[in-house]
$ cat input.cif   # mmCIF, C-alpha atoms and all ligand atoms
data_target
loop_
_atom_site.label_atom_id
_atom_site.label_comp_id
_atom_site.auth_asym_id
_atom_site.auth_seq_id
_atom_site.Cartn_x
_atom_site.Cartn_y
_atom_site.Cartn_z
CA MET L 781 -10.89 21.08 -6.27
CA ARG L 782 -13.98 19.20 -5.12
CA TYR L 783 -13.12 15.78 -3.66
CA GLY L 784 -15.42 12.97 -2.57
CA LEU L 785 -14.52 10.04 -0.30
CA LEU L 786 -15.96 6.53 -0.41
CA GLY L 787 -15.27 4.77 2.91
CA ALA L 788 -14.30 6.81 5.97
CA GLY L 789 -12.69 4.14 8.13
CA MET L 790 -9.11 4.29 9.41
CA MET L 791 -7.50 5.01 6.05
CA GLY L 792 -10.37 7.15 4.75
CA ARG L 793 -9.97 9.45 7.74
CA GLU L 794 -6.21 9.59 7.17
CA HIS L 795 -7.10 10.87 3.68
CA LEU L 796 -9.51 13.42 5.20
CA ARG L 797 -6.91 14.72 7.68
CA ASN L 798 -4.33 15.09 4.92
CA LEU L 799 -6.72 16.65 2.39
CA ALA L 800 -7.57 19.26 5.06
CA LEU L 801 -3.95 20.45 4.81
CA PHE L 802 -4.43 21.60 1.18
CA GLU L 803 -5.86 25.06 0.54
CA ASP L 804 -6.88 24.06 -2.99
CA ILE L 805 -8.96 21.07 -1.90
CA GLU L 806 -12.41 20.84 -0.39
CA VAL L 807 -13.94 17.50 0.54
CA VAL L 808 -17.54 18.12 -0.48
CA GLY L 809 -19.00 14.73 0.38
CA PHE L 810 -18.40 11.28 1.78
CA CYS L 811 -20.21 7.96 1.86
CA GLU L 812 -19.81 5.78 4.95
CA PRO L 813 -22.37 3.25 6.22
CA ASP L 814 -21.01 2.83 9.77
CA ARG L 815 -22.43 5.25 12.36
CA GLY L 816 -19.29 5.45 14.48
CA MET L 817 -17.10 6.14 11.46
CA GLN L 818 -19.57 8.75 10.16
CA GLU L 819 -19.24 10.69 13.42
CA GLN L 820 -15.45 10.51 13.41
CA ALA L 821 -15.33 11.65 9.78
CA ARG L 822 -17.70 14.55 10.52
CA SER L 823 -15.34 15.81 13.21
CA ILE L 824 -12.56 16.05 10.59
CA ALA L 825 -14.64 17.35 7.66
CA PRO L 826 -17.67 19.10 9.22
CA ASP L 827 -18.71 20.79 5.95
CA ALA L 828 -18.69 17.63 3.85
CA GLN L 829 -22.09 16.17 3.01
CA LEU L 830 -22.81 12.60 4.13
CA VAL L 831 -24.42 10.74 1.21
CA SER L 832 -26.00 7.31 1.03
CA ASP L 833 -24.18 5.68 -1.87
CA LEU L 834 -21.65 6.00 -4.68
CA PRO L 835 -24.08 7.47 -7.30
CA ALA L 836 -25.09 10.18 -4.80
CA LEU L 837 -21.42 10.94 -4.15
CA LEU L 838 -20.68 11.22 -7.87
CA ASN L 839 -23.67 13.60 -8.25
CA LEU L 840 -21.75 16.20 -6.24
CA GLU L 841 -19.79 17.22 -9.38
CA LEU L 842 -16.48 16.00 -8.10
CA ASP L 843 -13.04 16.81 -9.46
CA ALA L 844 -11.65 13.67 -7.79
CA LEU L 845 -12.91 10.56 -6.02
CA VAL L 846 -10.92 8.76 -3.29
CA ILE L 847 -11.90 5.13 -2.58
CA ALA L 848 -10.87 3.70 0.81
CA THR L 849 -13.29 0.83 1.33
CA PRO L 850 -12.49 -2.81 2.25
CA ASN L 851 -10.36 -4.57 -0.37
CA TYR L 852 -12.99 -7.02 -1.65
CA GLN L 853 -15.26 -4.12 -2.66
CA HIS L 854 -12.70 -2.23 -4.76
CA VAL L 855 -13.25 -3.92 -8.09
CA ASP L 856 -17.05 -3.48 -8.20
CA GLN L 857 -16.86 0.10 -6.90
CA LEU L 858 -14.18 1.05 -9.40
CA MET L 859 -16.20 -0.48 -12.25
CA ALA L 860 -19.36 1.33 -11.07
CA ALA L 861 -17.54 4.68 -10.76
CA ILE L 862 -16.08 4.27 -14.24
CA GLU L 863 -19.51 3.49 -15.71
CA LEU L 864 -21.18 6.43 -13.98
CA CYS L 865 -18.72 9.22 -14.75
CA ASP L 866 -15.25 10.19 -15.92
CA VAL L 867 -13.95 11.65 -12.65
CA PRO L 868 -10.26 10.98 -11.78
CA ILE L 869 -9.97 8.31 -9.08
CA LEU L 870 -7.42 7.54 -6.38
CA ILE L 871 -8.15 4.03 -5.15
CA GLU L 872 -6.49 2.41 -2.16
CA LYS L 873 -4.36 -0.68 -2.61
CA PRO L 874 -4.86 -3.53 -3.29
CA VAL L 875 -6.83 -2.59 -6.36
CA VAL L 876 -8.10 -6.18 -6.71
CA THR L 877 -7.95 -9.27 -4.50
CA ARG L 878 -8.30 -12.01 -7.13
CA LEU L 879 -6.48 -12.90 -10.33
CA GLU L 880 -9.69 -13.19 -12.36
CA HIS L 881 -10.56 -9.51 -11.71
CA ILE L 882 -7.45 -8.19 -13.42
CA ALA L 883 -8.45 -8.50 -17.10
CA ARG L 884 -11.89 -7.00 -16.45
CA ILE L 885 -10.61 -3.95 -14.66
CA ARG L 886 -7.75 -3.35 -17.13
CA SER L 887 -10.05 -3.23 -20.14
CA ALA L 888 -12.56 -0.94 -18.36
CA VAL L 889 -9.84 1.52 -17.31
CA ALA L 890 -8.11 1.44 -20.72
CA ALA L 891 -11.35 2.69 -22.31
CA ARG L 892 -11.54 5.91 -20.26
CA SER L 893 -9.71 9.19 -20.56
CA ARG L 894 -9.34 10.25 -16.89
CA GLN L 895 -6.80 8.71 -14.62
CA VAL L 896 -6.97 5.92 -12.06
CA TRP L 897 -4.22 6.31 -9.47
CA VAL L 898 -3.52 3.44 -7.05
CA GLY L 899 -2.75 4.37 -3.44
CA MET L 900 0.77 3.02 -3.02
CA GLU L 901 1.66 5.43 -0.22
CA TYR L 902 4.98 3.84 0.66
CA ARG L 903 6.53 5.28 -2.51
CA PHE L 904 5.86 8.71 -1.00
CA MET L 905 7.33 8.15 2.48
CA PRO L 906 10.05 10.77 2.81
CA ALA L 907 12.72 8.23 3.83
CA LEU L 908 11.87 5.87 0.96
CA ALA L 909 11.72 8.79 -1.50
CA THR L 910 15.19 9.87 -0.28
CA PHE L 911 16.38 6.27 -0.72
CA ALA L 912 15.03 6.23 -4.31
CA ASN L 913 16.78 9.53 -5.08
CA VAL L 914 20.24 8.25 -4.13
CA ILE L 915 19.85 4.67 -5.32
CA HIS L 916 22.49 5.17 -8.07
CA GLN L 917 25.16 5.17 -5.30
CA VAL L 918 25.08 1.36 -5.08
CA GLY L 919 26.24 0.99 -8.72
CA VAL L 920 24.71 -1.99 -10.52
CA PRO L 921 22.03 -3.36 -8.14
CA ALA L 922 22.02 -7.08 -7.32
CA MET L 923 20.10 -7.81 -4.11
CA LEU L 924 17.19 -6.02 -2.45
CA ASN L 925 15.97 -6.96 0.98
CA ILE L 926 12.79 -5.53 2.53
CA ARG L 927 12.01 -6.42 6.12
CA GLU L 928 8.80 -5.40 7.83
CA HIS L 929 8.56 -6.47 11.46
CA ARG L 930 5.51 -4.94 13.08
CA TYR L 931 2.31 -5.27 15.12
CA PRO L 932 -0.56 -7.64 14.19
CA PHE L 933 -3.39 -6.56 11.90
CA LEU L 934 -5.64 -4.01 13.60
CA LYS L 935 -9.38 -4.50 14.07
CA LYS L 936 -11.42 -3.26 11.09
CA VAL L 937 -15.07 -2.39 10.57
CA ASN L 938 -16.94 -5.76 10.34
CA ASP L 939 -13.57 -7.54 10.64
CA TRP L 940 -13.06 -7.76 6.86
CA ASN L 941 -9.28 -8.13 7.25
CA ARG L 942 -9.58 -11.39 9.22
CA PHE L 943 -10.14 -13.61 6.16
CA ASN L 944 -8.22 -14.03 2.92
CA ARG L 945 -11.43 -14.09 0.88
CA PHE L 946 -12.05 -10.43 1.82
CA SER L 947 -8.49 -9.09 2.03
CA GLY L 948 -6.77 -11.11 -0.71
CA GLY L 949 -4.38 -12.56 1.90
CA THR L 950 -1.59 -10.90 3.88
CA PHE L 951 0.88 -10.88 0.98
CA VAL L 952 -1.68 -9.08 -1.19
CA GLU L 953 -3.32 -6.80 1.38
CA LYS L 954 -0.26 -5.63 3.28
CA CYS L 955 2.68 -6.59 1.16
CA CYS L 956 1.62 -5.28 -2.26
CA HIS L 957 3.33 -2.07 -1.02
CA PHE L 958 6.66 -3.88 -0.79
CA PHE L 959 6.32 -5.63 -4.14
CA ASP L 960 5.59 -2.22 -5.65
CA LEU L 961 8.79 -0.89 -4.06
CA MET L 962 10.75 -3.84 -5.46
CA ARG L 963 9.65 -3.00 -9.03
CA LEU L 964 10.35 0.67 -8.44
CA PHE L 965 13.81 0.31 -6.88
CA LEU L 966 15.01 -2.44 -9.24
CA ASP L 967 13.42 -0.85 -12.33
CA SER L 968 12.54 -4.30 -13.59
CA GLU L 969 9.64 -6.76 -13.75
CA PRO L 970 9.24 -9.97 -11.72
CA VAL L 971 9.57 -13.38 -13.37
CA ARG L 972 9.40 -15.89 -10.51
CA VAL L 973 8.35 -16.09 -6.85
CA PHE L 974 9.11 -18.63 -4.16
CA ALA L 975 7.62 -18.11 -0.72
CA SER L 976 7.24 -19.77 2.63
CA GLY L 977 4.85 -18.46 5.25
CA GLY L 978 2.44 -19.36 8.01
CA GLN L 979 0.03 -18.32 10.74
CA ASP L 980 1.95 -19.09 13.89
CA VAL L 981 1.03 -16.55 16.57
CA ASN L 982 -1.72 -14.05 15.72
CA HIS L 983 -5.53 -14.38 15.80
CA LEU L 984 -5.42 -18.09 16.63
CA ASP L 985 -7.95 -17.72 19.46
CA GLU L 986 -10.32 -15.40 17.57
CA ARG L 987 -13.59 -16.72 16.09
CA TYR L 988 -16.05 -14.96 13.77
CA ASP L 989 -19.33 -16.90 13.45
CA GLY L 990 -17.32 -19.85 14.68
CA GLU L 991 -14.61 -19.43 12.02
CA GLN L 992 -10.93 -18.88 12.83
CA PRO L 993 -9.12 -16.15 10.85
CA ASP L 994 -6.79 -17.50 8.15
CA ILE L 995 -4.34 -14.58 8.17
CA LEU L 996 -0.71 -15.46 7.52
CA ASP L 997 1.39 -13.60 10.09
CA ASN L 998 4.95 -14.28 8.91
CA GLY L 999 6.87 -15.40 5.87
CA PHE L 1000 9.72 -14.99 3.43
CA VAL L 1001 9.12 -14.20 -0.24
CA THR L 1002 11.93 -14.40 -2.81
CA VAL L 1003 11.32 -12.66 -6.13
CA GLU L 1004 13.55 -13.00 -9.20
CA PHE L 1005 13.52 -10.12 -11.69
CA GLU L 1006 14.02 -9.86 -15.46
CA ASN L 1007 17.27 -7.91 -15.02
CA GLY L 1008 18.81 -10.69 -12.90
CA CYS L 1009 18.28 -8.95 -9.54
CA ARG L 1010 16.79 -10.87 -6.67
CA ALA L 1011 14.66 -9.42 -3.92
CA MET L 1012 13.39 -10.78 -0.64
CA LEU L 1013 10.57 -9.75 1.64
CA ASP L 1014 10.85 -10.79 5.30
CA LEU L 1015 7.53 -10.20 7.06
CA CYS L 1016 6.74 -10.75 10.72
CA MET L 1017 3.56 -9.39 12.30
CA PHE L 1018 4.31 -10.21 15.94
CA ALA L 1019 7.41 -8.08 16.42
CA GLU L 1020 6.09 -4.66 17.44
CA GLY L 1021 8.84 -4.27 20.06
CA VAL L 1022 11.54 -3.52 17.49
CA LYS L 1023 12.81 0.01 16.84
CA TYR L 1024 12.56 -0.07 13.05
CA GLU L 1025 9.32 -1.28 11.48
CA GLN L 1026 10.65 -1.25 7.92
CA GLU L 1027 14.27 -1.88 6.92
CA VAL L 1028 15.23 -1.82 3.26
CA SER L 1029 18.71 -2.75 1.97
CA LEU L 1030 19.88 -2.62 -1.62
CA VAL L 1031 23.32 -4.00 -2.45
CA GLY L 1032 25.14 -3.26 -5.70
CA ASP L 1033 28.70 -3.58 -6.95
CA LYS L 1034 29.68 -0.25 -5.32
CA GLY L 1035 28.08 -0.52 -1.90
CA ARG L 1036 24.94 -0.94 0.16
CA LEU L 1037 22.11 1.52 0.71
CA ASP L 1038 19.83 1.11 3.73
CA CYS L 1039 16.63 2.77 4.80
CA GLN L 1040 15.31 2.32 8.32
CA ILE L 1041 11.90 3.59 9.37
CA PRO L 1042 10.81 3.63 13.02
CA GLY L 1043 7.55 1.98 14.11
CA PRO L 1044 4.77 3.67 16.10
CA LEU L 1045 6.19 2.71 19.52
CA ALA L 1046 9.67 4.04 18.66
CA MET L 1047 8.06 7.24 17.36
CA LYS L 1048 6.93 8.03 20.93
CA ASN L 1049 10.54 8.46 21.98
CA ALA L 1050 12.09 11.56 20.36
CA ALA L 1051 15.57 10.00 20.30
CA ASP L 1052 14.30 7.04 18.23
CA ALA L 1053 11.76 8.88 16.09
CA ARG L 1054 13.77 9.62 12.95
CA ALA L 1055 14.06 7.52 9.87
CA GLN L 1056 17.49 7.23 8.28
CA VAL L 1057 19.09 6.47 4.97
CA VAL L 1058 22.63 5.07 5.16
CA PHE L 1059 25.06 4.53 2.30
CA SER L 1060 27.93 2.14 3.07
CA PRO L 1061 30.48 2.11 0.23
CA ARG L 1062 32.53 -1.08 -0.10
CA ARG L 1063 35.68 0.97 0.30
CA PRO L 1064 36.94 3.07 1.92
CA TYR L 1065 34.98 2.08 5.03
CA GLY L 1066 32.69 4.89 6.19
CA PRO L 1067 28.88 4.64 6.33
CA GLN L 1068 27.22 7.97 5.44
CA ILE L 1069 24.13 8.53 7.56
CA ASP L 1070 21.32 10.87 6.54
CA SER L 1071 18.43 11.33 8.96
CA VAL L 1072 15.07 12.13 7.47
CA GLU L 1073 12.73 14.41 9.35
CA VAL L 1074 8.94 14.57 8.92
CA GLY L 1075 7.00 17.64 10.09
CA GLU L 1076 4.80 17.31 13.20
CA ASP L 1077 1.66 18.32 11.26
CA LEU L 1078 2.22 15.49 8.77
CA LEU L 1079 2.94 12.95 11.51
CA ARG L 1080 -0.29 13.94 13.25
CA ALA L 1081 -2.29 13.57 10.01
CA GLY L 1082 -1.56 9.88 9.54
CA ALA L 1083 0.26 6.69 10.39
CA HIS L 1084 2.51 6.64 7.33
CA GLN L 1085 5.31 9.14 8.03
CA GLY L 1086 3.72 11.88 5.90
CA ALA L 1087 3.32 9.56 2.90
CA THR L 1088 -0.40 10.23 2.46
CA PHE L 1089 0.21 13.99 2.30
CA TYR L 1090 2.97 13.69 -0.31
CA GLN L 1091 0.89 11.26 -2.34
CA HIS L 1092 -2.02 13.73 -2.39
CA GLN L 1093 0.36 16.52 -3.35
CA ALA L 1094 1.54 14.48 -6.34
CA PHE L 1095 -2.03 13.40 -7.22
CA LEU L 1096 -3.23 17.01 -7.11
CA THR L 1097 -0.34 18.16 -9.28
CA SER L 1098 -1.15 15.48 -11.84
CA LEU L 1099 -4.84 16.50 -11.86
CA GLN L 1100 -3.96 20.16 -12.34
CA SER L 1101 -1.29 19.56 -14.98
CA GLY L 1102 -3.03 16.68 -16.75
CA SER L 1103 0.08 14.48 -16.39
CA ALA L 1104 -0.09 10.68 -16.19
CA PRO L 1105 -0.51 9.07 -12.75
CA MET L 1106 2.73 8.32 -10.89
CA VAL L 1107 1.18 5.04 -9.74
CA SER L 1108 -0.89 3.65 -12.59
CA LEU L 1109 -3.53 0.95 -12.51
CA ASP L 1110 -0.98 -1.48 -14.00
CA ASP L 1111 1.53 -0.61 -11.25
CA GLY L 1112 -1.14 -1.45 -8.67
CA LEU L 1113 -2.10 -4.67 -10.45
CA LYS L 1114 1.50 -5.87 -10.87
CA ALA L 1115 2.11 -5.44 -7.14
CA VAL L 1116 -1.01 -7.52 -6.45
CA LEU L 1117 0.12 -10.14 -8.97
CA ILE L 1118 3.37 -10.69 -7.04
CA GLY L 1119 1.34 -10.90 -3.82
CA LEU L 1120 -1.01 -13.48 -5.35
CA ALA L 1121 2.03 -15.45 -6.56
CA ALA L 1122 3.43 -15.40 -3.00
CA GLN L 1123 0.13 -16.62 -1.54
CA ALA L 1124 -0.04 -19.37 -4.20
CA SER L 1125 3.58 -20.39 -3.62
CA ILE L 1126 3.00 -20.67 0.14
CA SER L 1127 -0.07 -22.86 -0.39
CA ALA L 1128 1.52 -25.08 -3.05
CA HIS L 1129 5.08 -25.23 -1.62
CA GLN L 1130 6.17 -24.52 -5.16
CA ALA L 1131 7.74 -21.71 -7.15
CA ILE L 1132 5.30 -19.68 -9.25
CA GLU L 1133 6.19 -18.09 -12.60
CA ILE L 1134 4.80 -14.68 -13.50
CA ASP L 1135 3.95 -13.69 -17.06
CA ILE L 1136 3.88 -9.95 -16.49
CA GLN L 1137 2.78 -9.06 -20.04
CA LYS L 1138 -0.32 -11.25 -19.79
CA PHE L 1139 -0.88 -10.73 -16.03
CA LYS L 1140 -0.84 -14.52 -15.56
CA LEU L 1141 0.61 -16.95 -12.98
CA ARG L 1142 1.81 -20.51 -13.58
CA PRO L 1143 3.26 -23.05 -11.13
CA LEU L 1144 6.81 -23.96 -12.14
CA SER L 1145 6.52 -27.54 -13.38
N1 LIG L 1201 -2.03 2.65 1.70
C1 LIG L 1201 -1.91 2.33 2.97
O1 LIG L 1201 -0.86 2.46 3.56
C2 LIG L 1201 -3.12 1.76 3.65
C3 LIG L 1201 -3.15 1.64 5.03
C4 LIG L 1201 -4.30 1.13 5.61
C5 LIG L 1201 -5.36 0.73 4.82
N2 LIG L 1201 -5.27 0.83 3.48
C6 LIG L 1201 -6.38 0.38 2.60
O2 LIG L 1201 -7.48 1.25 2.78
C7 LIG L 1201 -8.71 0.51 2.63
C8 LIG L 1201 -9.55 0.70 3.87
O3 LIG L 1201 -8.85 0.16 4.97
P1 LIG L 1201 -9.13 0.68 6.45
O4 LIG L 1201 -7.97 0.29 7.24
O5 LIG L 1201 -9.54 2.10 6.43
O6 LIG L 1201 -10.39 -0.24 6.85
P2 LIG L 1201 -11.64 0.20 7.75
O7 LIG L 1201 -12.46 -1.03 7.99
O8 LIG L 1201 -11.16 0.99 8.92
O9 LIG L 1201 -12.42 1.20 6.79
C9 LIG L 1201 -13.20 0.81 5.68
C10 LIG L 1201 -14.46 1.67 5.73
O10 LIG L 1201 -15.24 1.45 4.55
C11 LIG L 1201 -16.61 1.48 4.96
N3 LIG L 1201 -17.43 0.84 3.95
C12 LIG L 1201 -17.76 -0.48 3.86
N4 LIG L 1201 -18.54 -0.67 2.78
C13 LIG L 1201 -18.71 0.55 2.20
C14 LIG L 1201 -19.43 0.99 1.05
N5 LIG L 1201 -20.08 0.13 0.28
N6 LIG L 1201 -19.41 2.31 0.75
C15 LIG L 1201 -18.71 3.17 1.51
N7 LIG L 1201 -18.02 2.81 2.62
C16 LIG L 1201 -18.01 1.51 2.94
C17 LIG L 1201 -16.61 0.77 6.30
O11 LIG L 1201 -17.77 1.06 7.06
C18 LIG L 1201 -15.34 1.33 6.92
O12 LIG L 1201 -15.58 2.49 7.68
C19 LIG L 1201 -8.29 -0.94 2.39
O13 LIG L 1201 -8.28 -1.19 1.01
C20 LIG L 1201 -6.89 -1.01 2.94
O14 LIG L 1201 -6.10 -2.01 2.32
C21 LIG L 1201 -4.19 1.36 2.88
#

$ encode --input "input.cif" --output "structure tokens" --more "lines below"
Ligand SMILES: NC(=O)c1ccc[n+]([C@@H]2O[C@H](COP(=O)([O-])OP(=O)(O)OC[C@H]3O[C@@H](n4cnc5c(N)ncnc54)[C@H](O)[C@@H]3O)[C@@H](O)[C@H]2O)c1
Amino acid sequence: MRYGLLGAGMMGREHLRNLALFEDIEVVGFCEPDRGMQEQARSIAPDAQLVSDLPALLNLELDALVIATPNYQHVDQLMAAIELCDVPILIEKPVVTRLEHIARIRSAVAARSRQVWVGMEYRFMPALATFANVIHQVGVPAMLNIREHRYPFLKKVNDWNRFNRFSGGTFVEKCCHFFDLMRLFLDSEPVRVFASGGQDVNHLDERYDGEQPDILDNGFVTVEFENGCRAMLDLCMFAEGVKYEQEVSLVGDKGRLDCQIPGPLAMKNAADARAQVVFSPRRPYGPQIDSVEVGEDLLRAGAHQGATFYQHQAFLTSLQSGSAPMVSLDDGLKAVLIGLAAQASISAHQAIEIDIQKFKLRPLS
């Protein structure tokens, strides 16, 4: 299978390292404007041709295109790729950064035959996939809590992630993963969001052309779902000292299921390196702990606990079998919609209602 890559920054190179693990896949070309990133990509994929733009990349007769460019470019690049050819596309999250892009991209993708798959890697993390497989243990689900306590945003090429207008805002850029997990684990759609957040610690002394970054670095987001479940995201981006970077808890009428995933600093210590899934029945007392191991080769290939490898495995299988994408364009857009609702709720100090059928938001009057 002939793959092409648009954007070979941090995530693009994680794709390259993982694609190199598949015998059936050859990355035949990549497009990357930054010199430093070009060199780093060449060291991973020495046989891939460096091309100057998207049309040149699509001329390489690809079987699949992977897009890993800055968020604010996704919508135009996806539209251009769709107009130029019918190649299957895996595009990194968030698929859009603004509400007004949603209708345009949905109608363009609906008119084509080949798939658009949105890169929601967290679904493919071994610990979270294990969690999803045993979710029935909790009985009827009621409350889902997702906590991510981690390090601040990393530096990016041309600092695109320092401003909401380029990233979509923290709760779109970073947290669309968690809103996607909420929909997946609760098997329901969101109806209402109330959030509180702020920029309290990170990037306050940085200036770009005299402008201070407007990145939110912490917050709580409560989401109510159609099936009556409630979910909460607890995000803090100045807490890299903790052992677990992500902690997910789902409580139902039969018990609680937890998933705990170590952060990069904990991963350096073998004793702390494993993720775990724990089921705690209400009675009799006795938490059941399952540790989840990820192979060394997969850990080396990326920063997401092997998720990028397993996502590519599933993407490849769907290309070869012609099956529908496991993460559709609408899945990607719905996760963004919840993120946009969270950003709007934080700004307005007001609950925001989501009309998921129409992909619309409305402040609760
Ligand atoms: N799924 C995940 O877990 C995950 C993790 C990190 C990043 N991401 C996503 O991946 C995307 C890239 O993020 P990143 O961390 O790699 O950022 P980055 O800044 O490291 O990389 C982006 C790259 O795109 C290049 N680029 C810019 N304009 C381009 C163009 N017109 N054509 C081709 N290349 C272009 C830049 O030079 C840069 O090398 C973002 O959408 C981000 O949200 C996803």

$ residues_around --input "input.cif" --residues "segment 878-887 of chain L" --least-positions-apart "2" --cutoff "12 Å" --atoms "all atoms listed in the file" --output "PDB file with C-alpha atoms, in the frame of the given file"
ATOM      1  CA  ASN L 851     -10.360  -4.570  -0.370  1.00  0.00           C
ATOM      2  CA  TYR L 852     -12.990  -7.020  -1.650  1.00  0.00           C
ATOM      3  CA  GLN L 853     -15.260  -4.120  -2.660  1.00  0.00           C
ATOM      4  CA  HIS L 854     -12.700  -2.230  -4.760  1.00  0.00           C
ATOM      5  CA  VAL L 855     -13.250  -3.920  -8.090  1.00  0.00           C
ATOM      6  CA  ASP L 856     -17.050  -3.480  -8.200  1.00  0.00           C
ATOM      7  CA  GLN L 857     -16.860   0.100  -6.900  1.00  0.00           C
ATOM      8  CA  LEU L 858     -14.180   1.050  -9.400  1.00  0.00           C
ATOM      9  CA  MET L 859     -16.200  -0.480 -12.250  1.00  0.00           C
ATOM     10  CA  ALA L 860     -19.360   1.330 -11.070  1.00  0.00           C
ATOM     11  CA  ALA L 861     -17.540   4.680 -10.760  1.00  0.00           C
ATOM     12  CA  ILE L 862     -16.080   4.270 -14.240  1.00  0.00           C
ATOM     13  CA  GLU L 863     -19.510   3.490 -15.710  1.00  0.00           C
ATOM     14  CA  PRO L 874      -4.860  -3.530  -3.290  1.00  0.00           C
ATOM     15  CA  VAL L 875      -6.830  -2.590  -6.360  1.00  0.00           C
ATOM     16  CA  VAL L 876      -8.100  -6.180  -6.710  1.00  0.00           C
ATOM     17  CA  VAL L 889      -9.840   1.520 -17.310  1.00  0.00           C
ATOM     18  CA  ALA L 890      -8.110   1.440 -20.720  1.00  0.00           C
ATOM     19  CA  ALA L 891     -11.350   2.690 -22.310  1.00  0.00           C
ATOM     20  CA  ARG L 892     -11.540   5.910 -20.260  1.00  0.00           C
ATOM     21  CA  VAL L 896      -6.970   5.920 -12.060  1.00  0.00           C
ATOM     22  CA  ASN L 944      -8.220 -14.030   2.920  1.00  0.00           C
ATOM     23  CA  ARG L 945     -11.430 -14.090   0.880  1.00  0.00           C
ATOM     24  CA  PHE L 946     -12.050 -10.430   1.820  1.00  0.00           C
ATOM     25  CA  SER L 947      -8.490  -9.090   2.030  1.00  0.00           C
ATOM     26  CA  GLY L 948      -6.770 -11.110  -0.710  1.00  0.00           C
ATOM     27  CA  GLY L 949      -4.380 -12.560   1.900  1.00  0.00           C
ATOM     28  CA  VAL L 952      -1.680  -9.080  -1.190  1.00  0.00           C
ATOM     29  CA  GLU L 953      -3.320  -6.800   1.380  1.00  0.00           C
ATOM     30  CA  SER L1108      -0.890   3.650 -12.590  1.00  0.00           C
ATOM     31  CA  LEU L1109      -3.530   0.950 -12.510  1.00  0.00           C
ATOM     32  CA  ASP L1110      -0.980  -1.480 -14.000  1.00  0.00           C
ATOM     33  CA  ASP L1111       1.530  -0.610 -11.250  1.00  0.00           C
ATOM     34  CA  GLY L1112      -1.140  -1.450  -8.670  1.00  0.00           C
ATOM     35  CA  LEU L1113      -2.100  -4.670 -10.450  1.00  0.00           C
ATOM     36  CA  LYS L1114       1.500  -5.870 -10.870  1.00  0.00           C
ATOM     37  CA  ALA L1115       2.110  -5.440  -7.140  1.00  0.00           C
ATOM     38  CA  VAL L1116      -1.010  -7.520  -6.450  1.00  0.00           C
ATOM     39  CA  LEU L1117       0.120 -10.140  -8.970  1.00  0.00           C
ATOM     40  CA  ILE L1118       3.370 -10.690  -7.040  1.00  0.00           C
ATOM     41  CA  GLY L1119       1.340 -10.900  -3.820  1.00  0.00           C
ATOM     42  CA  LEU L1120      -1.010 -13.480  -5.350  1.00  0.00           C
ATOM     43  CA  ALA L1121       2.030 -15.450  -6.560  1.00  0.00           C
ATOM     44  CA  GLN L1123       0.130 -16.620  -1.540  1.00  0.00           C
ATOM     45  CA  ALA L1124      -0.040 -19.370  -4.200  1.00  0.00           C
ATOM     46  CA  ILE L1134       4.800 -14.680 -13.500  1.00  0.00           C
ATOM     47  CA  ILE L1136       3.880  -9.950 -16.490  1.00  0.00           C
ATOM     48  CA  GLN L1137       2.780  -9.060 -20.040  1.00  0.00           C
ATOM     49  CA  LYS L1138      -0.320 -11.250 -19.790  1.00  0.00           C
ATOM     50  CA  PHE L1139      -0.880 -10.730 -16.030  1.00  0.00           C
ATOM     51  CA  LYS L1140      -0.840 -14.520 -15.560  1.00  0.00           C
ATOM     52  CA  LEU L1141       0.610 -16.950 -12.980  1.00  0.00           C
ATOM     53  CA  ARG L1142       1.810 -20.510 -13.580  1.00  0.00           C
TER      54      ARG L1142
END

$ closest_atom_pairs --input "input.cif" --of "chain L" --to "ligand LIG 1201 (chain L)" --cutoff "7 Å" --atoms "only C-alpha atoms and all ligand atoms" --output "CSV"
residue,atom,partner,partner_atom,distance
L:Leu786,CA,L:LIG1201,C15,4.7
L:Gly787,CA,L:LIG1201,N7,3.4
L:Ala788,CA,L:LIG1201,O12,4.8
L:Gly789,CA,L:LIG1201,O9,3.2
L:Met790,CA,L:LIG1201,O5,3.7
L:Met791,CA,L:LIG1201,O5,3.6
L:Gly792,CA,L:LIG1201,O5,5.4
L:Cys811,CA,L:LIG1201,C15,5.0
L:Glu812,CA,L:LIG1201,N7,4.2
L:Pro813,CA,L:LIG1201,O11,5.2
L:Asp814,CA,L:LIG1201,O11,4.6
L:Met817,CA,L:LIG1201,O12,5.5
L:Asp833,CA,L:LIG1201,N6,6.4
L:Leu834,CA,L:LIG1201,N6,6.9
L:Ala848,CA,L:LIG1201,C7,4.3
L:Thr849,CA,L:LIG1201,O10,3.8
L:Pro850,CA,L:LIG1201,C19,4.6
L:Asn851,CA,L:LIG1201,O13,4.2
L:Glu872,CA,L:LIG1201,O13,5.1
L:Lys873,CA,L:LIG1201,O13,5.4
L:Pro874,CA,L:LIG1201,O14,5.9
L:Gly899,CA,L:LIG1201,N1,5.5
L:Met900,CA,L:LIG1201,N1,5.5
L:Glu901,CA,L:LIG1201,N1,5.0
L:Tyr902,CA,L:LIG1201,O1,6.7
L:Lys936,CA,L:LIG1201,O7,4.0
L:Val937,CA,L:LIG1201,O7,3.9
L:Asn938,CA,L:LIG1201,O7,6.9
L:Trp940,CA,L:LIG1201,O7,6.9
L:Glu953,CA,L:LIG1201,O14,5.6
L:Lys954,CA,L:LIG1201,O14,6.9
L:His1084,CA,L:LIG1201,O1,6.6

$ closest_residue --input "input.cif" --among "L:Ile926, L:Pro1064, L:Val1072, L:Ala1051" --to "Asp1014 of chain L" --atoms "all atoms listed in the file"
L:Ile926

$ atom_distance --input "input.cif" --atom1 "atom CA of Leu1099 of chain L" --atom2 "atom CA of Ala828 of chain L"
21.0 Å
